[in-house]
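Heads up: the structure comes next, in structure tokens.
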Amino acid sequence: MNQENQFQNQRAIIDKEVSWDKTQVIMSKTNAFGIIEYANEVFIDVCGYEDYELMGQPHNIIRHPDMPKVIFKVLWENLKSGKNFHAIVKNLAKSGRYYWVITDFDIAKDENGVIVNYFGRRQAVPQEVISLHIEPLYKKLLQIEAASGVEFSEKYLIGFLEEKKRSYVEYIKELIYEHEKAQAKFAQYDEDEEEEEHRGFFGRLFNR
């Protein structure tokens, strides 16, 4: 049994959210294989592990069993091809509690164009987006994975997104953007400014 599995088995899943400052950005650095090389203080505070417990561990040390495998499959396919990917992820703290985040990545390559590091940023996701849209979708994907495997979970996800006429990232962006509009955060913008804001959505979200 590897160390990551030992950590998983030591944690009882608690259906309560971690209490954390959701204005903060969780940051980490991994090598090309997802092994943690750095975690900022926000990451440490939220996940509950000490830095010495995280260094050298696979990033999936914080993977929550409520997460469909297909989401990580798509995420890693994009990252390994050199593309940033914004995924909504439920993570598992050392305490057994959960926290939801959306991802953003910088990808570092060596002089030969080979990926050597991933720099990840993660921020909180509006609860309404999770409860109304993400949790029902992820629950369905998990059910399909349990019954028929990841292959058919992915087929369902593809069909779901085809019906929405969106990619996964476009769908996530639209959910959060529409939530923010409903909260009247952009009420002062005229139509042109709103369109510009929409185009640079993730840059604004992660202060990039």
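Labels used: A, B, ... for chains in the order of the structure tokens, numbers from 1 for residues in each chain, and numbers from 1 for ligands as shown.
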**Request:** Please return as a ChimeraX atom specification: the residues of chain A that backbone DSSP assigns to alpha helix (DSSP H).
**Result:** /A:3-10,41-47,51-54,69-80,127-129,135-148,150-164,168-182,191-199,201-205
**Message:** Just want the 9 Å neighbourhood of Ser95 in chain A, counted on only C-alpha atoms, with same-chain residues fewer than 6 positions away dropped. Output as JSON, numbers by chain.
**Reply:** {"A": [11, 12, 13, 14, 18, 47, 48, 49]}
**Request:** With a distance cut-off of 10 Å and only C-alpha atoms, select the neighbouring residues of range 156-159 of chain A, excluding the residue or stretch itself and same-chain residues fewer than 2 positions from it, and output the selection as number ranges by chain.
**Result:** A: 70-71, 137-138, 140-141, 144, 150-154, 161-168
**Message:** Can you pull out the residues contacting Gly120 in chain A? Cut-off 6 Å, using only C-alpha atoms, and skip same-chain residues under 5 positions away; I want them as a PyMOL selection string.
**Reply:** chain A and resi 27-28+104-105
**Asked** With only C-alpha atoms as the atoms that count, which of A:Gly200, A:Asp110, A:Thr103, A:Met67 lies nearest to Pro136 in chain A?
**Response**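 Smallest distance to Pro136 in chain A is found for A:Met67.
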**Complete:** Pairwise distance, CA of His86 in chain A with CA of Val169 in chain A, equals 5.9 Å
**Request:** Just the residues within 7 Å of Val25 in chain A, please, counting only C-alpha atoms, with nothing from its chain fewer than 6 positions along; format it as a list in words.
**Result:**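 Returned residues: Val42, Arg121, Arg122 and Gln123 of chain A.
Within 6 Å of range 98-101 of chain A, once only C-alpha atoms are used and residues closer than 5 positions along the same chain are dropped, the contacting residues are Glu17, Val18, Ile88, Val89, Lys90, Asn91, Leu92, Ala93, Arg122, Gln123, Ala124 and Val125 of chain A.
Here CA of Asp21 in chain A is placed at a distance of 21.4 Å from CA of Ile134 in chain A.
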**Request:** Would you mind telling me which residue in A:Val114, A:Val74, A:Ile35, A:Val129 lies nearest to Ile172 in chain A when using only C-alpha atoms?
**Result:** A:Val129
**Complete:** From the list A:Ile107, A:Lys69, A:Asn40, A:Met55, the nearest residue to Phe85 in chain A using only C-alpha atoms is A:Ile107
